[in-house]
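Below you'll find the structure, written out as structure tokens, and then a few comments.
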Amino acid sequence: METCSTCATILSTVDDKTLSEKPPPDQRRVPCCGRIICGDCIVNNGRFAAYCPYCQISSEPSPLPQGLKAPPTNETSQEASKRQRPPPSAPSHDPPPYQASGGDFDDEKAAAEPAAAADTLHFLNHEHDSILSLSLRYGVPQDALRRANKINSDHLLLGRKTILIPGAFYKGGVSLSPRPVDGEEEELRKNKIRRLMTSCKLVDYSVAQLYLEQAGWNLDRAIDRYVGDEAWEQSQRDKSKNKASNTRWFFSGSK
């Protein structure tokens with residue numbers, strides 16, 4: 001019993017009777033390996049009439065090369081790289097000494113890094129300005145505007161005259177709002193004074209201005225100094241109370 005070498009169809013007869021009533025098409029026995037290719041496979045693929053798919057040899061002139069090389073062995077890429085990799089050679093010199101600090105490299109890196117852009121002061125026009133409009137106008141995310149100005153709710157913007165545009169997102173450095181009469185620097189100082197009075201619950205405007213002047217108009221530093229002074233005054237009051245409570249008073253009766 002013989003079968004087709006490509007589709008495994010039975011080609012021989014059983015008990016001198018064909019398995020199909022249809023006349024079988026012309027089949028072909030390839031001369032290279034003796035295998036049989038049925039006529040259906042030859043009709044479906046004309047190359048099988050002059051080509052052996054197993055030996056990959058054509059019995060007629062063909063532009064393709066006769067026969068192909070054997071497939072490579074089942075070797076993993078890692079094993080092949082290990083086999084082709086040359087053995088490591090001994091280092092030609094000692095490694096450089098260890099440095100605790102980066103040295104010149106840190107200086108070069110710091111010089112290469114661009115300096116952070118300063119924040120830009122925007123003077124609010126409440127008829128047109130909002131968190132969304134400022135975000136679109138300066139190209140700054142809304143959350144970044146809220147964090148930079150410590151705004152928990154957007155309606156609190158109505159109580160402000162100015163707002164800071166964070167320089168980490170806006171590199172222009174130029175305010176897109178009209179300038180006030182007193183100037184941008186003076187308005188920025190007034191804004192810091194108001195923020196200090198709100199943070200520390202100060203009532204006296206001159207006291208807040210004095211703390212900011214002594215802190216070089218650094219808001220965080222002025223807040224820390226004011227809180228430190230308040231803590232010192234409270235400790236002095238506590239000491240005086242303790243001293244007064246420990247003092248014994250003697251009253252002499254009249255004779």
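In the structure tokens, chains take the letters A, B, ... in the order shown, each chain's residues start at 1, and ligands count up from 1 in the order shown.
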
- Write out as a list of chain:residue names the residues lying within 9 Å of Cys4 in chain A, counting only C-alpha atoms and excluding same-chain residues fewer than 6 positions away.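 Contacts, with the query itself left out: A:Ile10, A:Leu11, A:Gln27, A:Arg35, A:Ile36, A:Ile37, A:Cys38, A:Cys41.
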
Only N, CA and C atoms, please: the residues just picked out, written as a PDB file, in the first residue's frame.
ATOM      1  N   ILE A  10      -4.180   7.416   0.013  1.00  0.00           N
ATOM      2  CA  ILE A  10      -3.855   6.042  -0.370  1.00  0.00           C
ATOM      3  C   ILE A  10      -3.967   5.925  -1.887  1.00  0.00           C
ATOM      4  N   LEU A  11      -2.903   5.399  -2.517  1.00  0.00           N
ATOM      5  CA  LEU A  11      -2.856   5.317  -3.972  1.00  0.00           C
ATOM      6  C   LEU A  11      -2.992   3.893  -4.485  1.00  0.00           C
ATOM      7  N   GLN A  27      -0.180  10.238 -11.534  1.00  0.00           N
ATOM      8  CA  GLN A  27       0.692  10.483 -10.391  1.00  0.00           C
ATOM      9  C   GLN A  27       2.141  10.451 -10.857  1.00  0.00           C
ATOM     10  N   ARG A  35       9.761   8.693  -3.876  1.00  0.00           N
ATOM     11  CA  ARG A  35       8.458   8.968  -3.301  1.00  0.00           C
ATOM     12  C   ARG A  35       7.444   9.260  -4.408  1.00  0.00           C
ATOM     13  N   ILE A  36       6.161   9.102  -4.069  1.00  0.00           N
ATOM     14  CA  ILE A  36       5.088   9.305  -5.034  1.00  0.00           C
ATOM     15  C   ILE A  36       4.304  10.565  -4.661  1.00  0.00           C
ATOM     16  N   ILE A  37       4.000  11.343  -5.677  1.00  0.00           N
ATOM     17  CA  ILE A  37       3.155  12.529  -5.519  1.00  0.00           C
ATOM     18  C   ILE A  37       1.910  12.287  -6.343  1.00  0.00           C
ATOM     19  N   CYS A  38       0.728  12.358  -5.702  1.00  0.00           N
ATOM     20  CA  CYS A  38      -0.513  12.059  -6.392  1.00  0.00           C
ATOM     21  C   CYS A  38      -0.847  13.143  -7.405  1.00  0.00           C
ATOM     22  N   CYS A  41      -2.307  16.549  -6.009  1.00  0.00           N
ATOM     23  CA  CYS A  41      -1.310  17.503  -5.519  1.00  0.00           C
ATOM     24  C   CYS A  41      -0.604  18.191  -6.671  1.00  0.00           C
TER      25      CYS A  41
END

- Message: List the spatial neighbours of Gly159 in chain A as a list in words - criterion: any atom at most 12 Å away, only C-alpha atoms, same-chain residues fewer than 4 positions off excluded.
- Response: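 These residues fall inside the cut-off: Leu124, Asn125, His126, Ile151, Ser153, Asp154, His155, Ile163, Asn191, Arg194 and Arg195 of chain A.
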
- Item | Non-local contacts of Ala148 in chain A (7 Å; only C-alpha atoms; under 3 positions in same chain excluded) as a list in words |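 Everything that qualifies: Ala144, Leu145, Leu164 and Pro166 of chain A.
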
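When CA of Leu212 in chain A is paired with CA of Glu185 in chain A, their separation reads 13.9 Å.
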
- Message: Report, in Å with one decimal, the straight-line distance from CA of Trp217 in chain A to CA of Arg189 in chain A.
- Response: 7.3 Å

- Query: Could you work out how far CA of Gln209 in chain A lies from CA of Lys190 in chain A, giving the answer in Å with one decimal?
  - Reply: 8.6 Å

- Message: Could you check the closest approach to Leu156 in chain A for each of A:Cys33, A:Ala208, A:Ile131, A:Ala49 and tell me which residue wins, using only C-alpha atoms?
- Response: A:Ile131
